[in-house]
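Have a look at model16.txt below; it lists compact mmCIF, N, CA and C atoms.
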# COMPACT_ATOMS: atom_id res chain seq x y z
N MET A 1 31.82 -24.97 0.32
CA MET A 1 30.68 -24.60 -0.50
C MET A 1 30.93 -23.20 -1.06
N LYS A 2 30.86 -23.11 -2.37
CA LYS A 2 31.06 -21.83 -3.02
C LYS A 2 29.77 -21.02 -2.99
N SER A 3 29.89 -19.70 -3.18
CA SER A 3 28.69 -18.85 -3.14
C SER A 3 27.75 -19.15 -4.29
N THR A 4 28.26 -19.72 -5.38
CA THR A 4 27.38 -20.06 -6.51
C THR A 4 26.60 -21.33 -6.26
N ASP A 5 27.00 -22.13 -5.26
CA ASP A 5 26.31 -23.37 -4.95
C ASP A 5 25.09 -23.16 -4.06
N ARG A 6 24.92 -21.98 -3.53
CA ARG A 6 23.78 -21.72 -2.64
C ARG A 6 22.49 -21.72 -3.44
N PRO A 7 21.40 -22.21 -2.85
CA PRO A 7 20.14 -22.29 -3.58
C PRO A 7 19.55 -20.94 -3.96
N SER A 8 19.88 -19.88 -3.24
CA SER A 8 19.23 -18.61 -3.51
C SER A 8 20.03 -17.73 -4.46
N GLY A 9 20.91 -18.30 -5.22
CA GLY A 9 21.64 -17.52 -6.21
C GLY A 9 22.85 -16.80 -5.64
N GLY A 10 23.39 -17.23 -4.51
CA GLY A 10 24.59 -16.65 -3.97
C GLY A 10 24.35 -15.51 -3.00
N GLN A 11 23.14 -15.16 -2.72
CA GLN A 11 22.87 -14.04 -1.83
C GLN A 11 22.63 -14.48 -0.40
N GLY A 12 22.31 -15.70 -0.17
CA GLY A 12 22.00 -16.16 1.18
C GLY A 12 20.59 -15.74 1.57
N SER A 13 20.23 -16.05 2.78
CA SER A 13 18.92 -15.70 3.28
C SER A 13 18.80 -14.19 3.45
N ALA A 14 17.60 -13.67 3.23
CA ALA A 14 17.38 -12.24 3.40
C ALA A 14 17.57 -11.83 4.85
N LEU A 15 17.33 -12.74 5.78
CA LEU A 15 17.52 -12.44 7.19
C LEU A 15 18.99 -12.37 7.57
N ALA A 16 19.85 -13.02 6.78
CA ALA A 16 21.27 -13.04 7.09
C ALA A 16 22.01 -11.85 6.49
N GLN A 17 21.34 -11.05 5.68
CA GLN A 17 21.99 -9.90 5.04
C GLN A 17 22.03 -8.73 6.00
N PRO A 18 23.08 -7.91 5.93
CA PRO A 18 23.14 -6.73 6.81
C PRO A 18 22.11 -5.69 6.38
N LEU A 19 21.63 -4.92 7.35
CA LEU A 19 20.66 -3.87 7.05
C LEU A 19 21.38 -2.69 6.43
N THR A 20 20.88 -2.25 5.30
CA THR A 20 21.44 -1.09 4.62
C THR A 20 20.29 -0.17 4.22
N LEU A 21 20.62 1.08 3.98
CA LEU A 21 19.62 2.02 3.51
C LEU A 21 19.27 1.70 2.07
N PRO A 22 18.01 1.90 1.68
CA PRO A 22 17.66 1.64 0.29
C PRO A 22 18.29 2.69 -0.62
N PRO A 23 18.43 2.38 -1.90
CA PRO A 23 18.95 3.38 -2.83
C PRO A 23 18.04 4.61 -2.86
N LEU A 24 18.61 5.74 -3.23
CA LEU A 24 17.89 7.00 -3.22
C LEU A 24 16.67 6.97 -4.13
N GLY A 25 16.79 6.35 -5.29
CA GLY A 25 15.66 6.27 -6.21
C GLY A 25 14.51 5.46 -5.65
N ARG A 26 14.83 4.38 -4.97
CA ARG A 26 13.79 3.54 -4.37
C ARG A 26 13.09 4.27 -3.22
N ALA A 27 13.86 5.00 -2.42
CA ALA A 27 13.26 5.77 -1.32
C ALA A 27 12.38 6.89 -1.88
N ALA A 28 12.81 7.52 -2.96
CA ALA A 28 11.99 8.57 -3.59
C ALA A 28 10.71 7.99 -4.18
N ALA A 29 10.80 6.79 -4.73
CA ALA A 29 9.59 6.14 -5.27
C ALA A 29 8.61 5.81 -4.16
N HIS A 30 9.11 5.34 -3.02
CA HIS A 30 8.22 5.05 -1.90
C HIS A 30 7.59 6.33 -1.34
N LEU A 31 8.36 7.41 -1.30
CA LEU A 31 7.81 8.69 -0.86
C LEU A 31 6.75 9.17 -1.83
N GLY A 32 6.99 9.00 -3.12
CA GLY A 32 5.98 9.36 -4.12
C GLY A 32 4.71 8.53 -3.98
N LEU A 33 4.86 7.24 -3.70
CA LEU A 33 3.68 6.40 -3.47
C LEU A 33 2.93 6.82 -2.21
N PHE A 34 3.67 7.24 -1.19
CA PHE A 34 3.04 7.72 0.04
C PHE A 34 2.18 8.96 -0.25
N VAL A 35 2.74 9.91 -0.99
CA VAL A 35 1.99 11.13 -1.34
C VAL A 35 0.81 10.81 -2.24
N LEU A 36 1.01 9.90 -3.19
CA LEU A 36 -0.09 9.50 -4.07
C LEU A 36 -1.20 8.81 -3.28
N GLY A 37 -0.84 8.03 -2.27
CA GLY A 37 -1.84 7.41 -1.40
C GLY A 37 -2.65 8.45 -0.64
N ALA A 38 -1.98 9.52 -0.19
CA ALA A 38 -2.68 10.60 0.50
C ALA A 38 -3.65 11.31 -0.45
N VAL A 39 -3.23 11.51 -1.69
CA VAL A 39 -4.10 12.16 -2.67
C VAL A 39 -5.31 11.28 -3.00
N VAL A 40 -5.08 9.98 -3.16
CA VAL A 40 -6.19 9.06 -3.46
C VAL A 40 -7.15 8.99 -2.27
N GLY A 41 -6.63 9.04 -1.06
CA GLY A 41 -7.50 9.03 0.12
C GLY A 41 -8.37 10.28 0.19
N ALA A 42 -7.78 11.43 -0.10
CA ALA A 42 -8.56 12.67 -0.09
C ALA A 42 -9.58 12.69 -1.23
N ALA A 43 -9.18 12.24 -2.41
CA ALA A 43 -10.11 12.21 -3.53
C ALA A 43 -11.24 11.21 -3.28
N GLY A 44 -10.92 10.07 -2.69
CA GLY A 44 -11.95 9.09 -2.36
C GLY A 44 -12.91 9.62 -1.32
N GLY A 45 -12.39 10.40 -0.38
CA GLY A 45 -13.26 11.00 0.62
C GLY A 45 -14.24 11.99 0.02
N LEU A 46 -13.87 12.62 -1.08
CA LEU A 46 -14.77 13.55 -1.75
C LEU A 46 -15.72 12.86 -2.73
N VAL A 47 -15.26 11.78 -3.35
CA VAL A 47 -16.06 11.09 -4.37
C VAL A 47 -17.11 10.19 -3.75
N GLN A 48 -16.78 9.52 -2.65
CA GLN A 48 -17.69 8.51 -2.11
C GLN A 48 -19.03 9.07 -1.65
N PRO A 49 -19.13 10.29 -1.07
CA PRO A 49 -20.47 10.75 -0.73
C PRO A 49 -21.21 11.38 -1.91
N ALA A 50 -20.48 11.74 -2.97
CA ALA A 50 -21.11 12.42 -4.10
C ALA A 50 -22.04 11.47 -4.87
N TRP A 51 -21.57 10.31 -5.21
CA TRP A 51 -22.39 9.29 -5.90
C TRP A 51 -22.35 8.07 -4.99
N PHE A 52 -23.33 7.93 -4.11
CA PHE A 52 -23.19 6.99 -3.00
C PHE A 52 -22.79 5.58 -3.39
N PRO A 53 -23.57 4.80 -4.08
CA PRO A 53 -23.04 3.44 -4.24
C PRO A 53 -21.87 3.39 -5.22
N GLY A 54 -21.98 4.13 -6.31
CA GLY A 54 -20.92 4.09 -7.32
C GLY A 54 -19.65 4.80 -6.87
N GLY A 55 -19.79 5.91 -6.17
CA GLY A 55 -18.62 6.65 -5.70
C GLY A 55 -17.84 5.87 -4.66
N LEU A 56 -18.54 5.15 -3.81
CA LEU A 56 -17.87 4.32 -2.81
C LEU A 56 -17.07 3.22 -3.48
N LEU A 57 -17.67 2.56 -4.46
CA LEU A 57 -16.96 1.50 -5.18
C LEU A 57 -15.78 2.07 -5.97
N LEU A 58 -15.99 3.23 -6.58
CA LEU A 58 -14.92 3.86 -7.33
C LEU A 58 -13.74 4.23 -6.42
N ALA A 59 -14.04 4.77 -5.25
CA ALA A 59 -12.98 5.15 -4.30
C ALA A 59 -12.22 3.93 -3.80
N LEU A 60 -12.94 2.87 -3.48
CA LEU A 60 -12.27 1.66 -2.99
C LEU A 60 -11.47 0.96 -4.08
N LEU A 61 -12.01 0.94 -5.31
CA LEU A 61 -11.27 0.33 -6.42
C LEU A 61 -10.03 1.15 -6.77
N GLY A 62 -10.13 2.48 -6.68
CA GLY A 62 -8.97 3.31 -6.93
C GLY A 62 -7.87 3.08 -5.90
N ALA A 63 -8.27 2.95 -4.64
CA ALA A 63 -7.29 2.67 -3.58
C ALA A 63 -6.66 1.29 -3.78
N ALA A 64 -7.48 0.29 -4.10
CA ALA A 64 -6.94 -1.05 -4.32
C ALA A 64 -6.00 -1.08 -5.51
N GLY A 65 -6.35 -0.37 -6.58
CA GLY A 65 -5.48 -0.30 -7.74
C GLY A 65 -4.14 0.35 -7.42
N LEU A 66 -4.17 1.39 -6.61
CA LEU A 66 -2.92 2.04 -6.22
C LEU A 66 -2.07 1.13 -5.35
N PHE A 67 -2.69 0.46 -4.39
CA PHE A 67 -1.94 -0.41 -3.49
C PHE A 67 -1.30 -1.57 -4.25
N LEU A 68 -2.10 -2.25 -5.08
CA LEU A 68 -1.55 -3.37 -5.85
C LEU A 68 -0.56 -2.91 -6.91
N GLY A 69 -0.85 -1.76 -7.53
CA GLY A 69 0.08 -1.23 -8.52
C GLY A 69 1.41 -0.84 -7.90
N GLY A 70 1.36 -0.27 -6.69
CA GLY A 70 2.61 0.06 -6.00
C GLY A 70 3.41 -1.18 -5.66
N ALA A 71 2.72 -2.23 -5.22
CA ALA A 71 3.42 -3.48 -4.91
C ALA A 71 4.04 -4.09 -6.15
N ARG A 72 3.32 -4.02 -7.24
CA ARG A 72 3.83 -4.59 -8.50
C ARG A 72 4.99 -3.75 -9.04
N ALA A 73 4.87 -2.43 -8.97
CA ALA A 73 5.91 -1.56 -9.50
C ALA A 73 7.20 -1.64 -8.69
N MET A 74 7.07 -1.75 -7.38
CA MET A 74 8.26 -1.78 -6.52
C MET A 74 8.79 -3.20 -6.34
N GLY A 75 8.03 -4.19 -6.72
CA GLY A 75 8.49 -5.57 -6.62
C GLY A 75 8.49 -6.12 -5.21
N GLY A 76 7.66 -5.58 -4.34
CA GLY A 76 7.61 -6.08 -2.96
C GLY A 76 6.43 -5.49 -2.22
N ARG A 77 6.23 -5.97 -1.02
CA ARG A 77 5.08 -5.52 -0.22
C ARG A 77 5.20 -4.08 0.25
N ALA A 78 6.42 -3.58 0.35
CA ALA A 78 6.60 -2.19 0.78
C ALA A 78 5.99 -1.22 -0.22
N GLY A 79 5.87 -1.63 -1.47
CA GLY A 79 5.22 -0.81 -2.47
C GLY A 79 3.73 -0.68 -2.24
N ALA A 80 3.13 -1.59 -1.50
CA ALA A 80 1.72 -1.48 -1.13
C ALA A 80 1.55 -0.80 0.21
N VAL A 81 2.53 -0.93 1.08
CA VAL A 81 2.43 -0.35 2.42
C VAL A 81 2.58 1.18 2.37
N ALA A 82 3.45 1.68 1.50
CA ALA A 82 3.68 3.13 1.43
C ALA A 82 2.41 3.89 1.04
N PRO A 83 1.72 3.53 -0.05
CA PRO A 83 0.48 4.27 -0.35
C PRO A 83 -0.62 3.99 0.66
N ALA A 84 -0.64 2.80 1.26
CA ALA A 84 -1.65 2.51 2.27
C ALA A 84 -1.45 3.38 3.50
N ALA A 85 -0.21 3.64 3.86
CA ALA A 85 0.06 4.53 5.00
C ALA A 85 -0.36 5.96 4.68
N GLY A 86 -0.07 6.42 3.47
CA GLY A 86 -0.50 7.75 3.07
C GLY A 86 -2.01 7.88 3.02
N TRP A 87 -2.67 6.84 2.51
CA TRP A 87 -4.14 6.83 2.45
C TRP A 87 -4.73 6.89 3.86
N THR A 88 -4.20 6.07 4.75
CA THR A 88 -4.73 6.00 6.11
C THR A 88 -4.54 7.32 6.85
N ILE A 89 -3.38 7.90 6.73
CA ILE A 89 -3.12 9.16 7.43
C ILE A 89 -4.02 10.27 6.89
N SER A 90 -4.18 10.36 5.58
CA SER A 90 -5.02 11.43 5.03
C SER A 90 -6.49 11.24 5.41
N VAL A 91 -6.96 10.01 5.39
CA VAL A 91 -8.36 9.76 5.74
C VAL A 91 -8.61 10.03 7.22
N ILE A 92 -7.68 9.65 8.06
CA ILE A 92 -7.86 9.91 9.49
C ILE A 92 -7.81 11.41 9.78
N LEU A 93 -6.93 12.14 9.10
CA LEU A 93 -6.90 13.58 9.28
C LEU A 93 -8.18 14.25 8.76
N LEU A 94 -8.78 13.69 7.73
CA LEU A 94 -10.02 14.26 7.20
C LEU A 94 -11.23 13.94 8.06
N THR A 95 -11.14 12.93 8.92
CA THR A 95 -12.28 12.61 9.78
C THR A 95 -12.34 13.49 11.02
N SER A 96 -11.24 14.12 11.37
CA SER A 96 -11.25 14.96 12.58
C SER A 96 -12.00 16.27 12.30
N THR A 97 -12.67 16.76 13.32
CA THR A 97 -13.42 18.00 13.16
C THR A 97 -12.51 19.19 13.39
N ARG A 98 -12.86 20.27 12.78
CA ARG A 98 -12.10 21.52 12.94
C ARG A 98 -12.73 22.34 14.06
N PRO A 99 -12.04 23.37 14.54
CA PRO A 99 -12.62 24.22 15.61
C PRO A 99 -13.91 24.90 15.18
N GLU A 100 -14.06 25.12 13.88
CA GLU A 100 -15.30 25.75 13.40
C GLU A 100 -16.47 24.78 13.37
N GLY A 101 -16.18 23.49 13.56
CA GLY A 101 -17.24 22.49 13.52
C GLY A 101 -17.37 21.82 12.17
N ASP A 102 -16.51 22.16 11.22
CA ASP A 102 -16.57 21.56 9.89
C ASP A 102 -15.93 20.18 9.92
N PHE A 103 -16.44 19.30 9.08
CA PHE A 103 -15.83 17.99 8.90
C PHE A 103 -16.18 17.49 7.52
N LEU A 104 -15.39 16.56 7.01
CA LEU A 104 -15.60 16.06 5.67
C LEU A 104 -16.49 14.82 5.66
N PHE A 105 -16.31 13.95 6.62
CA PHE A 105 -17.08 12.71 6.65
C PHE A 105 -18.28 12.87 7.57
N GLY A 106 -19.44 12.56 7.05
CA GLY A 106 -20.64 12.55 7.87
C GLY A 106 -20.77 11.23 8.61
N ALA A 107 -21.75 11.14 9.46
CA ALA A 107 -21.95 9.92 10.25
C ALA A 107 -22.93 9.00 9.54
N GLY A 108 -22.62 8.64 8.31
CA GLY A 108 -23.49 7.76 7.55
C GLY A 108 -22.84 6.42 7.28
N ALA A 109 -23.62 5.53 6.71
CA ALA A 109 -23.11 4.19 6.42
C ALA A 109 -22.01 4.23 5.36
N GLY A 110 -22.15 5.13 4.38
CA GLY A 110 -21.15 5.22 3.33
C GLY A 110 -19.78 5.63 3.84
N SER A 111 -19.75 6.55 4.78
CA SER A 111 -18.47 6.99 5.35
C SER A 111 -17.79 5.87 6.12
N TYR A 112 -18.58 5.14 6.89
CA TYR A 112 -18.00 4.03 7.65
C TYR A 112 -17.54 2.90 6.73
N LEU A 113 -18.30 2.65 5.67
CA LEU A 113 -17.88 1.63 4.70
C LEU A 113 -16.60 2.05 3.99
N PHE A 114 -16.47 3.34 3.71
CA PHE A 114 -15.24 3.82 3.07
C PHE A 114 -14.05 3.68 4.01
N LEU A 115 -14.21 4.07 5.26
CA LEU A 115 -13.11 3.98 6.22
C LEU A 115 -12.70 2.53 6.47
N LEU A 116 -13.67 1.71 6.85
CA LEU A 116 -13.36 0.32 7.18
C LEU A 116 -13.01 -0.50 5.94
N GLY A 117 -13.72 -0.25 4.85
CA GLY A 117 -13.43 -0.97 3.61
C GLY A 117 -12.06 -0.62 3.06
N GLY A 118 -11.69 0.67 3.14
CA GLY A 118 -10.38 1.07 2.66
C GLY A 118 -9.26 0.49 3.50
N MET A 119 -9.46 0.43 4.80
CA MET A 119 -8.44 -0.17 5.66
C MET A 119 -8.32 -1.67 5.40
N ALA A 120 -9.46 -2.33 5.17
CA ALA A 120 -9.42 -3.76 4.85
C ALA A 120 -8.73 -4.00 3.51
N VAL A 121 -9.01 -3.16 2.53
CA VAL A 121 -8.36 -3.29 1.22
C VAL A 121 -6.86 -3.06 1.37
N ALA A 122 -6.47 -2.08 2.18
CA ALA A 122 -5.04 -1.81 2.39
C ALA A 122 -4.34 -3.01 3.03
N VAL A 123 -4.97 -3.60 4.01
CA VAL A 123 -4.36 -4.76 4.68
C VAL A 123 -4.29 -5.94 3.72
N MET A 124 -5.36 -6.17 2.95
CA MET A 124 -5.33 -7.28 2.00
C MET A 124 -4.26 -7.10 0.93
N CYS A 125 -4.16 -5.89 0.40
CA CYS A 125 -3.17 -5.65 -0.66
C CYS A 125 -1.75 -5.71 -0.12
N ALA A 126 -1.53 -5.24 1.09
CA ALA A 126 -0.19 -5.30 1.67
C ALA A 126 0.18 -6.73 2.05
N THR A 127 -0.81 -7.51 2.44
CA THR A 127 -0.53 -8.89 2.82
C THR A 127 -0.38 -9.79 1.60
N LEU A 128 -1.24 -9.60 0.63
CA LEU A 128 -1.23 -10.46 -0.55
C LEU A 128 -0.41 -9.91 -1.68
N GLY A 129 0.28 -8.80 -1.47
CA GLY A 129 1.10 -8.20 -2.52
C GLY A 129 2.24 -9.11 -2.90
N TRP A 130 2.87 -8.76 -3.98
CA TRP A 130 3.97 -9.57 -4.47
C TRP A 130 5.16 -9.43 -3.56
N GLY A 131 5.61 -10.56 -3.04
CA GLY A 131 6.81 -10.56 -2.22
C GLY A 131 8.04 -10.70 -3.10
N ARG A 132 9.19 -10.59 -2.51
CA ARG A 132 10.41 -10.75 -3.29
C ARG A 132 10.55 -12.18 -3.74
N GLN A 133 10.95 -12.35 -4.97
CA GLN A 133 11.17 -13.68 -5.52
C GLN A 133 12.67 -13.94 -5.58
N PRO A 134 13.07 -15.17 -5.34
CA PRO A 134 14.50 -15.47 -5.39
C PRO A 134 15.03 -15.33 -6.81
N SER A 135 16.25 -14.84 -6.90
CA SER A 135 16.88 -14.73 -8.21
C SER A 135 17.64 -16.02 -8.49
N GLY A 136 17.83 -16.28 -9.72
CA GLY A 136 18.56 -17.50 -10.09
C GLY A 136 17.85 -18.20 -11.23
N PRO A 137 18.30 -19.39 -11.54
CA PRO A 137 17.68 -20.12 -12.65
C PRO A 137 16.25 -20.54 -12.33
N ASP A 138 15.53 -20.87 -13.37
CA ASP A 138 14.13 -21.27 -13.20
C ASP A 138 14.02 -22.74 -12.81
N ALA A 139 14.74 -23.13 -11.82
CA ALA A 139 14.70 -24.49 -11.33
C ALA A 139 14.19 -24.46 -9.90
N ARG A 140 13.92 -25.63 -9.37
CA ARG A 140 13.48 -25.70 -7.98
C ARG A 140 14.61 -25.27 -7.08
N LEU A 141 14.22 -24.59 -5.99
CA LEU A 141 15.23 -24.19 -5.01
C LEU A 141 15.74 -25.42 -4.29
N GLY A 142 16.98 -25.43 -3.96
CA GLY A 142 17.55 -26.54 -3.22
C GLY A 142 18.05 -27.65 -4.12
N LYS A 143 18.01 -27.45 -5.41
CA LYS A 143 18.50 -28.47 -6.33
C LYS A 143 19.89 -28.15 -6.77
Can you dump the structure from the file as structure tokens?
Amino acid sequence: MKSTDRPSGGQGSALAQPLTLPPLGRAAAHLGLFVLGAVVGAAGGLVQPAWFPGGLLLALLGAAGLFLGGARAMGGRAGAVAPAAGWTISVILLTSTRPEGDFLFGAGAGSYLFLLGGMAVAVMCATLGWGRQPSGPDARLGK
């Protein structure tokens, strides 16, 4: 069997491929998405209490747009996981109190909806994001 006869375009199963480091540009893009996720998390934390119903929806829609956009731009689920990780870390750091007693999130329903809703959106976008598609002709696999 020649490598061109394989159904996946000659690459074999993704599980059978050796583990290699991603290209530098791809790693930099994921790092940029991570930082952008942290910025969106901090901005959402400030916007959601300012205009309660609208700010909460705006913050969650912004996070969902970033997660899905990252998945679409990177062509895989890792593009959604990187900004979701940055968002989660920034939001969790913003919920902790400081020694002076200051904190960003109050103990209201909007704050809990933002935290839990954002985490649910992150999981949904990372799970339902675009996975890798097989390369090759536009025919059925295995033909």
Selected residue, from A:Pro99, A:Gly76, A:Gly110, A:Gly62, that lies nearest to Gly37 in chain A when counting only C-alpha atoms
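Once distances to Gly37 in chain A are computed over only C-alpha atoms, the minimum belongs to A:Gly62.
Checking A:Gln17, A:Thr95, A:Ser111, A:Ser90 one by one against Gln48 in chain A, counting all atoms listed in the file, you find the shortest gap at A:Ser111.
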Point-to-point distance in Å for CA of Glu100 in chain A and CA of Trp87 in chain A
24.5 Å
One decimal place gives the atom N of Thr88 in chain A-CA of Gly41 in chain A separation as 6.4 Å
Identify, on the basis of only N, CA and C atoms, every residue whose closest approach to range 65-72 of chain A does not exceed 7 Å; exclude the query and any residue fewer than 5 positions from it along the same chain; express the result as a ChimeraX atom specification.
/A:33,60,77-81,83-84,122,125-126,129-130
